[in-house]
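S.K.: Okay, handing you the structure first.
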Amino acid sequence: MRLVRLMIGVSLFGACPGAYAQEVDSKQPPATAARGEDEKAIAALVAKFTTAFNKGDAAAAAATFTEDALVVDETGGRAEGRAAIQGQLASLFEDEPGAKIAIKATAMRFLSATTAFEEGRTTVTPAAASEAPEVTKFTVVYVKVDGNWLQAAVRDEPARDLSPHDRLKELQWMVGEWVNESQDAVVDTTCKWSDDGNFLIREFTMKTQGRPVLSGTQRVGWDPLARRFKTWIFDSEGGHGEGFFTRSGNQWMVKVEGVGNSGQASSATNIITRLGKDRMSWQSTERTLGASAAPGVDEFVVVRKPPAESK
């Protein structure tokens, strides 16, 4: 599922709330009186946004923002104004129907009688049970307009404290046994979690005329420095390689560089596209061998093996 990095109202993006909060704080000291009623009103606003989001109602969700609200997603994309926010939400609901959101506040501070600052975490769960939830951290500035609390500035950022295992849940749909069969060869692939749960391990065997001709192991994990999925590949002929994943919707591009047992360098861009719960396609482009270009591999479909019949 595409990263739900859109104004998830009370949660996702925003306009530099940190800097805005400092400006307000310097002019009006934080209120010290009990703010129970205001806290209840803000909680009700969050609930209103959550209900609208889970129903796919872009207009109702956008109504929780001020007219000139600013939303900034984790890539720096900006939506300025309630109309723009509603449009982006509508596109999101169309692309990811059935997705549900849960918002959990971790800290709140009132900056004045009409301004509040909140931090928290958002979890967006795709409609497809096989897809992992997406977790982000958010900051939001609320303002009180004509007696009603609304969202004025929201910012979304990656939840950097997620464990490697939680990160990899985005790729857990690969777990299982897969097969691709053509006139030339049959490739069997098995994918499973490592014992520690921090890597996915894929093992493949290629057969021609029923005989194994090549096998190998691939390990996939989260690189906290590059902040991307990284893969390491080793084949039965002594070759090895490594590369990084880049995602776009249901498609992953894996740029790989390696070396064969003879010392000759190679590279390729492999494209994996998820076609459903039990199907994916694979192709390889931009291939090189040494200093020369090499032929690509046309797209083919890989299917999940059905469960073994019980006796």
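Every chain in the structure tokens has a letter given in the order shown (A, B, ...), and although residue numbers restart at 1 in each chain, ligands are simply numbered from 1 in the order shown.
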As a ChimeraX atom specification, list the residues of segment 208-294 of chain A assigned to strand (DSSP E or B) by DSSP on the backbone atoms of this structure.
M.R.: /A:208,211-223,228-235,240-248,251-259,265-276,279-289,292-293
S.K.: Generate a file of the selected residues that holds C-alpha atoms, formatted as a JSON list (two decimals), in the first residue's frame.
M.R.:
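Heads up, here's the output in again_12.json:
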```json
[["chain", "number", "residue", "atom", "x", "y", "z"],
["A", 208, "THR", "CA", 16.26, -27.19, -16.53],
["A", 211, "ARG", "CA", 18.03, -30.90, -13.04],
["A", 212, "PRO", "CA", 19.22, -28.09, -10.72],
["A", 213, "VAL", "CA", 21.52, -25.69, -12.57],
["A", 214, "LEU", "CA", 21.68, -22.75, -10.15],
["A", 215, "SER", "CA", 20.62, -22.00, -6.60],
["A", 216, "GLY", "CA", 21.13, -19.19, -4.17],
["A", 217, "THR", "CA", 20.13, -17.30, -1.05],
["A", 218, "GLN", "CA", 18.87, -13.75, -0.68],
["A", 219, "ARG", "CA", 18.61, -11.88, 2.63],
["A", 220, "VAL", "CA", 16.46, -8.74, 2.92],
["A", 221, "GLY", "CA", 16.66, -6.34, 5.86],
["A", 222, "TRP", "CA", 16.23, -2.72, 6.93],
["A", 223, "ASP", "CA", 19.28, -0.48, 6.54],
["A", 228, "ARG", "CA", 15.72, 1.70, 2.93],
["A", 229, "PHE", "CA", 15.37, -2.04, 2.51],
["A", 230, "LYS", "CA", 18.66, -3.65, 1.50],
["A", 231, "THR", "CA", 19.30, -7.05, -0.03],
["A", 232, "TRP", "CA", 22.32, -9.35, -0.10],
["A", 233, "ILE", "CA", 22.45, -12.16, -2.67],
["A", 234, "PHE", "CA", 24.72, -15.23, -2.89],
["A", 235, "ASP", "CA", 24.58, -17.88, -5.64],
["A", 240, "HIS", "CA", 27.37, -12.31, -4.84],
["A", 241, "GLY", "CA", 25.68, -8.92, -4.96],
["A", 242, "GLU", "CA", 23.75, -6.34, -2.99],
["A", 243, "GLY", "CA", 21.17, -3.66, -3.67],
["A", 244, "PHE", "CA", 18.47, -1.34, -2.36],
["A", 245, "PHE", "CA", 14.66, -1.35, -2.67],
["A", 246, "THR", "CA", 12.63, 1.67, -3.79],
["A", 247, "ARG", "CA", 8.84, 1.43, -3.59],
["A", 248, "SER", "CA", 6.14, 3.01, -5.73],
["A", 251, "GLN", "CA", 5.91, -1.98, -7.28],
["A", 252, "TRP", "CA", 9.44, -2.31, -5.92],
["A", 253, "MET", "CA", 12.56, -1.44, -7.91],
["A", 254, "VAL", "CA", 15.71, -3.20, -6.72],
["A", 255, "LYS", "CA", 18.98, -1.76, -8.05],
["A", 256, "VAL", "CA", 21.60, -4.48, -7.65],
["A", 257, "GLU", "CA", 25.37, -4.54, -8.17],
["A", 258, "GLY", "CA", 27.37, -7.75, -7.99],
["A", 259, "VAL", "CA", 30.36, -9.77, -9.09],
["A", 265, "ALA", "CA", 31.17, -6.97, -12.31],
["A", 266, "SER", "CA", 27.48, -6.78, -13.14],
["A", 267, "SER", "CA", 24.45, -4.62, -12.37],
["A", 268, "ALA", "CA", 20.72, -4.59, -13.01],
["A", 269, "THR", "CA", 17.45, -2.98, -12.04],
["A", 270, "ASN", "CA", 14.97, -5.66, -11.07],
["A", 271, "ILE", "CA", 11.29, -4.72, -10.91],
["A", 272, "ILE", "CA", 8.89, -6.65, -8.68],
["A", 273, "THR", "CA", 5.18, -5.87, -9.01],
["A", 274, "ARG", "CA", 2.60, -7.31, -6.66],
["A", 275, "LEU", "CA", -0.41, -8.44, -8.68],
["A", 276, "GLY", "CA", -2.48, -9.79, -5.82],
["A", 279, "ARG", "CA", 0.79, -13.42, -7.84],
["A", 280, "MET", "CA", 3.66, -11.08, -8.65],
["A", 281, "SER", "CA", 5.61, -10.20, -11.75],
["A", 282, "TRP", "CA", 9.39, -9.89, -12.15],
["A", 283, "GLN", "CA", 11.55, -8.34, -14.82],
["A", 284, "SER", "CA", 15.12, -7.13, -15.12],
["A", 285, "THR", "CA", 16.27, -4.02, -17.01],
["A", 286, "GLU", "CA", 19.36, -1.80, -17.34],
["A", 287, "ARG", "CA", 21.61, -4.85, -17.12],
["A", 288, "THR", "CA", 25.37, -4.65, -17.55],
["A", 289, "LEU", "CA", 28.12, -7.24, -17.61],
["A", 292, "SER", "CA", 29.03, -3.80, -21.77],
["A", 293, "ALA", "CA", 25.25, -3.69, -21.79]]
```
S.K.: Tell me, as a PyMOL selection string, which residues lie within 12 Å of Phe65 of chain A, counting only C-alpha atoms; anything in the same chain fewer than 4 positions away does not count.
M.R.: chain A and resi 7-11+14+45-46+48-49+58-61+69-71+79-86+140-145+148-154
S.K.: Which residue, A:Val303, A:Ala291, A:Leu111, A:Ala52, has the smallest gap to Gly98 of chain A when you use only C-alpha atoms?
M.R.: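 The answer is A:Ala52, which sits nearest to Gly98 of chain A.
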S.K.: Which residues come within 9 Å of Gln209 of chain A, counting only C-alpha atoms, excluding same-chain residues fewer than 4 positions away, as a PyMOL selection string?
M.R.: chain A and resi 184-186
S.K.: Taking only C-alpha atoms into account, name the residue in A:Trp178, A:Ala116, A:Asp196, A:Gly76 that is nearest to Pro164 of chain A.
M.R.: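 Between A:Trp178, A:Ala116, A:Asp196, A:Gly76, the residue approaching Pro164 of chain A most closely is A:Asp196.
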